[in-house]
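So this one's structure.csv, CSV, C-alpha atoms and all ligand atoms:
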chain,number,residue,atom,x,y,z
T,1,MET,CA,97.3,89.8,79.3
T,2,ALA,CA,98.6,90.0,82.9
T,3,PRO,CA,101.4,87.5,83.2
T,4,PHE,CA,100.6,86.8,86.8
T,5,ALA,CA,97.0,85.7,86.7
T,6,PRO,CA,95.5,84.7,90.0
T,7,GLY,CA,95.1,80.9,90.5
T,8,LYS,CA,97.7,78.4,89.8
T,9,THR,CA,100.7,79.7,87.9
T,10,VAL,CA,103.2,77.1,86.8
T,11,VAL,CA,106.3,78.4,85.1
T,12,VAL,CA,107.8,76.2,82.4
T,13,SER,CA,110.7,76.8,80.1
T,14,GLY,CA,113.3,75.1,78.0
T,15,ILE,CA,117.0,75.9,78.1
T,16,GLN,CA,118.9,75.4,74.8
T,17,SER,CA,121.9,73.2,75.0
T,18,SER,CA,123.2,73.4,71.4
T,19,GLY,CA,126.3,75.4,72.5
T,20,ALA,CA,127.8,77.6,75.1
T,21,LEU,CA,125.1,80.1,76.4
T,22,HIS,CA,125.7,83.7,75.3
T,23,ILE,CA,124.6,87.1,76.5
T,24,GLY,CA,121.7,87.1,74.1
T,25,ASN,CA,120.4,84.0,75.9
T,26,TYR,CA,121.1,85.7,79.2
T,27,PHE,CA,119.2,88.9,78.6
T,28,GLY,CA,116.5,87.2,76.4
T,29,ALA,CA,115.7,84.3,78.8
T,30,ILE,CA,118.0,83.2,81.6
T,31,ARG,CA,117.6,86.4,83.6
T,32,GLN,CA,113.8,86.1,83.6
T,33,HIS,CA,113.9,82.4,84.3
T,34,ILE,CA,116.0,83.0,87.4
T,35,ALA,CA,113.8,85.9,88.6
T,36,LEU,CA,110.6,84.0,88.2
T,37,GLN,CA,111.7,81.0,90.2
T,38,HIS,CA,111.0,82.9,93.4
T,39,ALA,CA,107.4,83.6,92.6
T,40,HIS,CA,106.0,80.3,91.3
T,41,PRO,CA,106.5,76.6,91.1
T,42,SER,CA,108.7,76.2,88.0
T,43,TYR,CA,110.1,73.6,85.7
T,44,TYR,CA,113.2,74.4,83.7
T,45,PHE,CA,114.7,71.7,81.5
T,46,ILE,CA,117.7,71.5,79.3
T,47,VAL,CA,116.3,70.6,75.9
T,48,ASN,CA,118.6,68.0,74.7
T,49,TYR,CA,116.0,66.2,72.5
T,50,HIS,CA,115.5,69.5,70.7
T,51,ALA,CA,119.3,70.0,70.5
T,52,MET,CA,119.6,66.7,68.7
T,53,THR,CA,117.9,68.2,65.7
T,54,THR,CA,121.3,69.8,65.0
T,55,VAL,CA,123.9,68.4,67.5
T,56,GLN,CA,124.6,64.8,66.5
T,57,ASP,CA,127.8,64.2,68.4
T,58,ALA,CA,127.4,62.3,71.7
T,59,ALA,CA,130.3,63.9,73.5
T,60,GLN,CA,129.2,67.4,72.4
T,61,LEU,CA,125.6,67.0,73.3
T,62,HIS,CA,126.5,65.6,76.7
T,63,ALA,CA,129.0,68.4,77.4
T,64,HIS,CA,126.6,71.1,76.3
T,65,THR,CA,123.9,69.7,78.5
T,66,LEU,CA,126.0,69.8,81.7
T,67,ASP,CA,127.4,73.2,80.7
T,68,ALA,CA,123.9,74.6,80.6
T,69,ALA,CA,123.2,73.2,84.0
T,70,VAL,CA,126.4,74.7,85.5
T,71,THR,CA,125.6,78.0,83.8
T,72,TYR,CA,122.1,78.3,85.3
T,73,LEU,CA,123.4,77.3,88.8
T,74,ALA,CA,126.3,79.8,88.6
T,75,LEU,CA,123.9,82.6,87.6
T,76,GLY,CA,121.7,82.1,90.6
T,77,PHE,CA,119.3,79.3,89.9
T,78,ASP,CA,118.1,77.9,93.2
T,79,PRO,CA,117.3,74.2,93.1
T,80,ASP,CA,115.5,74.4,96.4
T,81,ARG,CA,112.9,76.6,94.9
T,82,SER,CA,112.4,75.2,91.5
T,83,ASN,CA,113.2,72.2,89.3
T,84,LEU,CA,116.1,72.1,86.9
T,85,PHE,CA,116.5,68.9,84.9
T,86,VAL,CA,117.4,67.4,81.6
T,87,GLN,CA,114.5,67.0,79.1
T,88,SER,CA,115.3,63.4,78.2
T,89,ASP,CA,115.1,62.4,81.9
T,90,VAL,CA,111.4,62.5,81.4
T,91,PRO,CA,111.0,60.1,78.5
T,92,LEU,CA,107.2,60.1,78.9
T,93,LEU,CA,107.4,63.3,77.0
T,94,ASN,CA,107.7,61.3,73.8
T,95,GLU,CA,104.4,59.7,74.4
T,96,LEU,CA,102.6,63.0,74.7
T,97,THR,CA,104.5,64.2,71.6
T,98,TRP,CA,103.1,61.4,69.6
T,99,ILE,CA,99.6,62.1,70.7
T,100,PHE,CA,100.1,65.7,69.8
T,101,PHE,CA,101.5,64.7,66.4
T,102,CYS,CA,98.1,63.2,65.7
T,103,LEU,CA,96.4,66.5,66.5
T,104,THR,CA,98.7,68.7,64.5
T,105,PRO,CA,98.0,69.5,60.8
T,106,VAL,CA,101.1,69.2,58.7
T,107,SER,CA,100.2,72.6,57.2
T,108,HIS,CA,100.7,74.3,60.6
T,109,LEU,CA,104.2,72.9,60.9
T,110,GLU,CA,105.0,74.0,57.3
T,111,LYS,CA,104.5,77.5,58.5
T,112,GLY,CA,107.2,77.1,61.2
T,113,VAL,CA,109.7,79.9,61.0
T,114,ALA,CA,112.8,77.8,61.8
T,115,TYR,CA,111.7,75.1,59.4
T,116,LYS,CA,110.9,77.6,56.6
T,117,ASP,CA,114.3,79.3,57.2
T,118,LYS,CA,116.1,76.1,56.5
T,119,VAL,CA,114.1,75.4,53.4
T,120,VAL,CA,114.8,78.9,52.1
T,121,GLN,CA,118.5,78.3,52.7
T,122,GLY,CA,118.2,75.3,50.5
T,123,LEU,CA,118.9,72.8,53.3
T,124,SER,CA,116.9,69.7,53.8
T,125,PRO,CA,115.5,69.7,57.4
T,126,ASN,CA,115.2,66.5,59.3
T,127,CYS,CA,111.9,65.3,60.7
T,128,GLY,CA,113.0,66.4,64.2
T,129,LEU,CA,113.4,70.0,63.1
T,130,PHE,CA,110.0,69.9,61.3
T,131,ASN,CA,108.3,68.5,64.4
T,132,TYR,CA,110.2,70.6,66.9
T,133,PRO,CA,107.2,72.8,67.9
T,134,VAL,CA,105.2,69.7,68.8
T,135,LEU,CA,107.8,68.4,71.2
T,136,GLN,CA,107.9,71.9,72.6
T,137,ALA,CA,104.1,71.9,73.2
T,138,ALA,CA,104.5,68.6,75.0
T,139,ASP,CA,107.3,70.1,77.1
T,140,ILE,CA,105.1,72.8,78.3
T,141,LEU,CA,101.8,71.0,78.7
T,142,ILE,CA,103.0,67.8,80.4
T,143,TYR,CA,103.8,69.9,83.5
T,144,GLY,CA,100.6,71.9,83.3
T,145,GLY,CA,102.6,75.0,82.4
T,146,THR,CA,100.6,78.3,82.3
T,147,LEU,CA,103.4,80.8,81.9
T,148,VAL,CA,106.3,80.4,79.5
T,149,PRO,CA,109.1,82.9,79.8
T,150,VAL,CA,110.8,83.0,76.4
T,151,GLY,CA,112.5,85.3,73.9
T,152,ALA,CA,110.4,87.1,71.3
T,153,ASP,CA,111.4,84.6,68.7
T,154,GLN,CA,109.4,81.9,70.5
T,155,ARG,CA,106.0,83.6,70.1
T,156,GLN,CA,105.0,81.3,67.3
T,157,HIS,CA,105.9,78.2,69.2
T,158,ILE,CA,103.8,79.2,72.1
T,159,GLU,CA,100.9,80.0,69.7
T,160,MET,CA,101.2,76.5,68.4
T,161,THR,CA,101.2,75.1,71.9
T,162,ARG,CA,98.0,76.9,72.8
T,163,ASP,CA,96.5,75.6,69.6
T,164,ILE,CA,97.4,72.0,70.4
T,165,ALA,CA,96.1,72.3,74.0
T,166,GLN,CA,92.8,73.7,72.7
T,167,ARG,CA,92.5,71.0,70.1
T,168,PHE,CA,93.2,68.3,72.7
T,169,ASN,CA,90.7,69.8,75.2
T,170,ASN,CA,88.0,70.1,72.5
T,171,ARG,CA,88.4,66.6,71.3
T,172,PHE,CA,89.0,64.7,74.5
T,173,GLY,CA,87.8,66.9,77.4
T,174,GLU,CA,89.3,69.7,79.4
T,175,HIS,CA,92.7,68.7,80.6
T,176,PHE,CA,95.4,71.2,79.7
T,177,PRO,CA,95.5,74.8,80.9
T,178,ILE,CA,96.2,77.2,78.0
T,179,PRO,CA,99.6,78.7,78.5
T,180,SER,CA,100.7,82.3,77.8
T,181,ALA,CA,104.1,83.5,76.6
T,182,TYR,CA,105.8,85.9,78.9
T,183,ILE,CA,108.1,88.0,76.8
T,184,LEU,CA,110.2,90.9,78.0
T,185,ASP,CA,110.2,93.0,74.8
T,186,SER,CA,112.7,95.5,75.9
T,187,VAL,CA,115.5,93.0,76.0
T,188,ALA,CA,114.2,90.7,73.3
T,189,THR,CA,117.0,91.3,70.9
T,190,VAL,CA,120.7,91.6,71.8
T,191,PRO,CA,122.9,92.5,68.8
T,192,GLY,CA,125.8,90.2,68.0
T,193,ILE,CA,129.2,91.4,67.0
T,194,ASP,CA,128.1,91.9,63.4
T,195,GLY,CA,125.0,93.8,64.4
T,196,ARG,CA,122.5,91.1,63.6
T,197,LYS,CA,120.6,89.4,66.4
T,198,MET,CA,123.0,87.5,68.6
T,199,SER,CA,122.7,83.9,67.8
T,200,LYS,CA,125.0,80.9,67.9
T,201,SER,CA,124.1,80.0,64.3
T,202,TYR,CA,125.3,83.4,63.1
T,203,ASN,CA,128.6,82.9,64.8
T,204,ASN,CA,128.3,86.4,66.2
T,205,ALA,CA,127.8,85.6,69.9
T,206,ILE,CA,129.7,86.6,73.0
T,207,GLY,CA,129.7,83.9,75.6
T,208,ILE,CA,128.6,84.6,79.2
T,209,PHE,CA,131.7,83.2,80.7
T,210,GLU,CA,134.3,84.1,78.1
T,211,GLU,CA,137.6,84.7,79.8
T,212,LYS,CA,139.2,88.1,79.5
T,213,ALA,CA,141.5,87.5,76.6
T,214,ALA,CA,138.9,85.8,74.5
T,215,LEU,CA,136.3,88.4,75.5
T,216,THR,CA,138.6,91.2,74.5
T,217,ARG,CA,139.2,89.7,71.1
T,218,ARG,CA,135.5,89.2,70.6
T,219,VAL,CA,134.5,92.7,71.6
T,220,LYS,CA,137.2,94.2,69.4
T,221,ARG,CA,135.5,92.6,66.5
T,222,ILE,CA,132.2,94.3,67.1
T,223,LYS,CA,131.2,96.1,63.9
T,224,THR,CA,131.2,100.0,64.2
T,225,ASP,CA,130.9,102.7,61.5
T,226,SER,CA,133.9,104.7,60.4
T,227,THR,CA,133.2,107.9,62.2
T,228,PRO,CA,136.6,109.4,63.1
T,229,LEU,CA,137.6,109.6,66.7
T,230,GLU,CA,137.1,113.4,67.0
T,231,ALA,CA,133.6,113.4,65.4
T,232,PRO,CA,130.4,113.1,67.4
T,233,LYS,CA,128.8,109.6,67.3
T,234,LYS,CA,125.3,108.3,67.3
T,235,PRO,CA,124.9,106.1,70.4
T,236,ASP,CA,121.5,104.7,69.2
T,237,LYS,CA,123.0,103.5,65.9
T,238,ASP,CA,126.0,101.8,67.5
T,239,ASN,CA,126.3,98.1,68.3
T,240,VAL,CA,128.8,98.7,71.1
T,241,PHE,CA,126.4,101.2,72.8
T,242,ALA,CA,123.5,98.8,72.4
T,243,LEU,CA,125.5,96.2,74.5
T,244,ILE,CA,126.7,98.9,76.9
T,245,LYS,CA,123.0,99.7,77.7
T,246,LEU,CA,122.5,96.1,78.9
T,247,PHE,CA,125.3,96.3,81.5
T,248,ALA,CA,125.6,100.0,82.5
T,249,THR,CA,123.8,101.7,85.4
T,250,PRO,CA,121.5,104.5,84.2
T,251,GLU,CA,124.1,107.1,85.3
T,252,LYS,CA,126.9,105.4,83.5
T,253,GLN,CA,124.7,105.1,80.4
T,254,ALA,CA,123.9,108.8,80.5
T,255,GLU,CA,127.6,109.7,80.9
T,256,LEU,CA,128.6,107.6,77.9
T,257,ARG,CA,125.8,108.9,75.8
T,258,GLU,CA,127.2,112.4,76.4
T,259,ALA,CA,130.7,111.2,75.5
T,260,TYR,CA,129.4,109.7,72.2
T,261,LEU,CA,127.5,112.9,71.3
T,262,ALA,CA,130.3,115.2,72.2
T,263,GLY,CA,133.0,113.6,70.0
T,264,GLY,CA,136.6,112.9,70.9
T,265,TYR,CA,135.4,109.6,72.3
T,266,GLY,CA,136.3,106.6,70.1
T,267,TYR,CA,134.7,103.2,69.6
T,268,GLY,CA,137.9,101.8,71.1
T,269,HIS,CA,137.2,103.6,74.4
T,270,ALA,CA,133.6,102.3,74.3
T,271,LYS,CA,134.8,98.8,73.7
T,272,ALA,CA,137.2,99.0,76.7
T,273,GLU,CA,134.4,100.2,78.9
T,274,LEU,CA,132.2,97.4,77.7
T,275,ILE,CA,134.8,94.7,78.4
T,276,ALA,CA,135.3,96.0,82.0
T,277,MET,CA,131.5,96.1,82.5
T,278,MET,CA,131.0,92.6,81.3
T,279,LEU,CA,133.8,91.1,83.4
T,280,ASP,CA,132.4,92.9,86.4
T,281,TYR,CA,128.7,92.0,85.8
T,282,PHE,CA,129.4,88.3,85.5
T,283,GLY,CA,132.3,88.2,88.0
T,284,PRO,CA,130.5,86.6,90.9
T,285,ALA,CA,128.8,84.1,88.6
T,286,ARG,CA,132.1,83.3,87.0
T,287,GLU,CA,133.5,82.5,90.5
T,288,ARG,CA,130.5,80.3,91.4
T,289,ARG,CA,131.0,78.5,88.1
T,290,ARG,CA,134.6,77.7,88.9
T,291,GLU,CA,133.4,76.1,92.2
T,292,LEU,CA,130.7,74.1,90.6
T,293,LEU,CA,133.0,72.7,88.0
T,294,LYS,CA,135.0,71.2,90.9
T,295,ASP,CA,131.8,69.6,92.3
T,296,MET,CA,130.0,68.0,89.4
T,297,ASP,CA,128.4,65.4,91.7
T,298,TYR,CA,126.4,68.3,93.2
T,299,VAL,CA,125.3,69.3,89.7
T,300,HIS,CA,124.2,65.8,88.9
T,301,ASP,CA,122.3,65.6,92.2
T,302,VAL,CA,120.4,68.7,91.3
T,303,LEU,CA,119.4,67.4,87.9
T,304,ARG,CA,118.4,64.0,89.3
T,305,GLN,CA,116.2,65.5,91.9
T,306,GLY,CA,114.6,67.9,89.4
T,307,ALA,CA,113.8,65.1,87.1
T,308,ARG,CA,112.3,63.0,89.9
T,309,ASN,CA,109.9,65.8,90.7
T,310,ALA,CA,109.1,66.4,87.1
T,311,ARG,CA,108.4,62.7,86.5
T,312,VAL,CA,105.8,62.6,89.2
T,313,VAL,CA,103.9,65.4,87.5
T,314,ALA,CA,104.3,64.0,84.1
T,315,ASP,CA,103.2,60.5,85.2
T,316,ALA,CA,100.0,61.9,86.6
T,317,CYS,CA,99.3,63.9,83.5
T,318,MET,CA,99.8,61.0,81.2
T,319,GLU,CA,97.7,58.7,83.2
T,320,ARG,CA,94.8,61.1,82.7
T,321,VAL,CA,95.7,61.6,79.0
T,322,ARG,CA,95.6,57.9,78.4
T,323,LYS,CA,92.1,57.7,80.0
T,324,LEU,CA,90.8,60.7,78.1
T,325,THR,CA,92.1,59.5,74.7
T,326,GLY,CA,91.1,55.8,75.1
T,327,LEU,CA,94.7,54.6,75.0
T,328,MET,CA,94.9,51.6,77.3
T,329,THR,CA,97.4,50.4,79.8
T,330,THR,CA,97.1,46.6,80.2
T,331,TYR,CA,100.0,46.2,82.5
T,332,GLY,CA,100.9,47.2,86.0
U,1,LIG,N1,112.5,76.4,71.5
U,1,LIG,C1,113.0,77.1,72.6
U,1,LIG,C2,114.1,78.0,72.3
U,1,LIG,O1,114.7,77.9,71.2
U,1,LIG,C3,113.5,76.1,73.7
U,1,LIG,C4,112.4,75.3,74.2
U,1,LIG,C5,112.2,74.0,74.1
U,1,LIG,C6,111.4,75.8,75.1
U,1,LIG,N2,111.1,73.5,74.8
U,1,LIG,C7,110.6,74.6,75.4
U,1,LIG,C8,111.0,77.0,75.6
U,1,LIG,C9,109.5,74.7,76.2
U,1,LIG,C10,109.9,77.1,76.4
U,1,LIG,C11,109.2,76.0,76.7
U,1,LIG,O2,114.5,78.9,73.0
Hey, can you dump this file as structure tokens for me?
Amino acid sequence: MAPFAPGKTVVVSGIQSSGALHIGNYFGAIRQHIALQHAHPSYYFIVNYHAMTTVQDAAQLHAHTLDAAVTYLALGFDPDRSNLFVQSDVPLLNELTWIFFCLTPVSHLEKGVAYKDKVVQGLSPNCGLFNYPVLQAADILIYGGTLVPVGADQRQHIEMTRDIAQRFNNRFGEHFPIPSAYILDSVATVPGIDGRKMSKSYNNAIGIFEEKAALTRRVKRIKTDSTPLEAPKKPDKDNVFALIKLFATPEKQAELREAYLAGGYGYGHAKAELIAMMLDYFGPARERRRELLKDMDYVHDVLRQGARNARVVADACMERVRKLTGLMTTYG
């Protein structure tokens, strides 16, 4: 399906705030978020309600939320073009979530991948985690979102959102547009230092703004095979090369591919290249981040204004939803 259908496109996406954002987040989501803000009205929110399913430490949740905002602004998010705000600054979201709970079969949530994973691991998930996709549906639909740029792992959540929107519309009357996921498959998975998908929960991530010393330590730990230095190496089987591909120009990539295939080029060399490329790639953003950290009032202003805009849209949505569903407001 064409991601840019004619008519009104509203871009909506959630930003995780359960820890420092890593390069998997960057190539899987942040980069697209920032690119899309130029084309359409957009709502990007830091999903602190969602984070609460796992982060239950006030100082940590607060710090991670602000860190996500600073990261987006440093990487080029333009608050004059689109809205950046904190999810919980639109508490009306909880009202829509409740209504959606009542439209969602338990059996659908039992099929949730994140939920099933926990159960398989023998953990006992909390209700928040079980209901996570329903809150996500409310997130998207309350702003009339039509296009949701996300990593490939979110496909199921967007399916559930479409399902809920359809069920609402069938039962109560046309209200919600049916959103589409916008997934860039080519960059959907970034390997972590152990070769599995980069994820905070696997403890294999490389942070976007990791300082040189920490970055070097991290990259040195990237798993490689034991091919000796002199021997030819297989670039397409190597984790270091997979990361290099994200940062290198096509020419540089071709040059390093040759070096791998020729032999005499070690993983240590490749790692040194990778570190230099990463520092270079995120250099300007790192500088902007330093400036932003000195001016947190500005960051707060951005979030406040974003939330103000979002609340106007959410208010209008909920007024109509209450009418359609027969919920009454007897005040005001
Ligand atoms: N679940 C998403 C993730 O893990 C984050 C998210 C929450 C989201 N609400 C959203 C994404 C709404 C898109 C739209 O990445």
**Q.** All residues 10 Å or closer to T:Asn94, only C-alpha atoms, same chain fewer than 3 positions away omitted, as number ranges by chain
**A.** T: 49, 88, 90-91, 97-100, 135, 138-139
Q: Rounded to one decimal place, report the atom CA of T:Ala181-atom CA of T:Thr325 distance in Å.
A: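 According to the coordinates, atom CA of T:Ala181 and atom CA of T:Thr325 are separated by 26.9 Å.
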Write out as a CSV table (one decimal) with C-alpha atoms, keeping the file's coordinate frame each polymer residue whose atoms come within 12 Å of T:Thr65, counting only C-alpha atoms; drop sequence neighbours fewer than 5 positions from it.
chain,number,residue,atom,x,y,z
T,14,GLY,CA,113.3,75.1,78.0
T,15,ILE,CA,117.0,75.9,78.1
T,16,GLN,CA,118.9,75.4,74.8
T,17,SER,CA,121.9,73.2,75.0
T,18,SER,CA,123.2,73.4,71.4
T,19,GLY,CA,126.3,75.4,72.5
T,20,ALA,CA,127.8,77.6,75.1
T,21,LEU,CA,125.1,80.1,76.4
T,45,PHE,CA,114.7,71.7,81.5
T,46,ILE,CA,117.7,71.5,79.3
T,47,VAL,CA,116.3,70.6,75.9
T,48,ASN,CA,118.6,68.0,74.7
T,49,TYR,CA,116.0,66.2,72.5
T,50,HIS,CA,115.5,69.5,70.7
T,51,ALA,CA,119.3,70.0,70.5
T,52,MET,CA,119.6,66.7,68.7
T,55,VAL,CA,123.9,68.4,67.5
T,58,ALA,CA,127.4,62.3,71.7
T,59,ALA,CA,130.3,63.9,73.5
T,60,GLN,CA,129.2,67.4,72.4
T,70,VAL,CA,126.4,74.7,85.5
T,71,THR,CA,125.6,78.0,83.8
T,72,TYR,CA,122.1,78.3,85.3
T,84,LEU,CA,116.1,72.1,86.9
T,85,PHE,CA,116.5,68.9,84.9
T,86,VAL,CA,117.4,67.4,81.6
T,87,GLN,CA,114.5,67.0,79.1
T,88,SER,CA,115.3,63.4,78.2
T,89,ASP,CA,115.1,62.4,81.9
T,299,VAL,CA,125.3,69.3,89.7
T,300,HIS,CA,124.2,65.8,88.9
T,303,LEU,CA,119.4,67.4,87.9
Q: Tell me which protein, DNA and RNA residues are within 6 Å of stretch 153-166 of chain T, counting all atoms listed in the file, leaving out same-chain ones fewer than 6 positions away, and put them as a list of chain:residue names.
A: T:Pro133, T:Ala137, T:Phe176, T:Ile178
Q: Give the answer as one residue: which of T:Cys127, T:Ile244, T:Ala114, T:Val11 has the shortest atom-to-atom distance to T:Ile23, using all atoms listed in the file?
A: T:Ile244
Q: Would you kindly return, as a list in words, each protein, DNA or RNA residue with an atom no farther than 8 Å from any atom of T:Pro235, considering all atoms listed in the file and excluding same-chain residues fewer than 2 positions away?
A: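 Contacts, in chain order: Lys233, Lys237, Asp238, Phe241, Ala242, Arg257, Tyr260 and Leu261 of chain T.
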Go ahead and save the residues from that selection, with C-alpha atoms, as a compact mmCIF listing (two decimals), in the frame of the given file.
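The file below, part.txt, is the result:
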# COMPACT_ATOMS: atom_id res chain seq x y z
CA LYS T 233 128.80 109.60 67.30
CA LYS T 237 123.00 103.50 65.90
CA ASP T 238 126.00 101.80 67.50
CA PHE T 241 126.40 101.20 72.80
CA ALA T 242 123.50 98.80 72.40
CA ARG T 257 125.80 108.90 75.80
CA TYR T 260 129.40 109.70 72.20
CA LEU T 261 127.50 112.90 71.30
Q) Hey, can you check how far atom CA of T:Tyr202 sits from atom CA of T:Tyr132? A)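 A separation of 20.2 Å between them.
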Q. Using only C-alpha atoms and all ligand atoms, which residue out of T:His33, T:Arg217, T:His269, T:Lys197 lies closest to ligand LIG 1 (chain U)?
A. T:His33
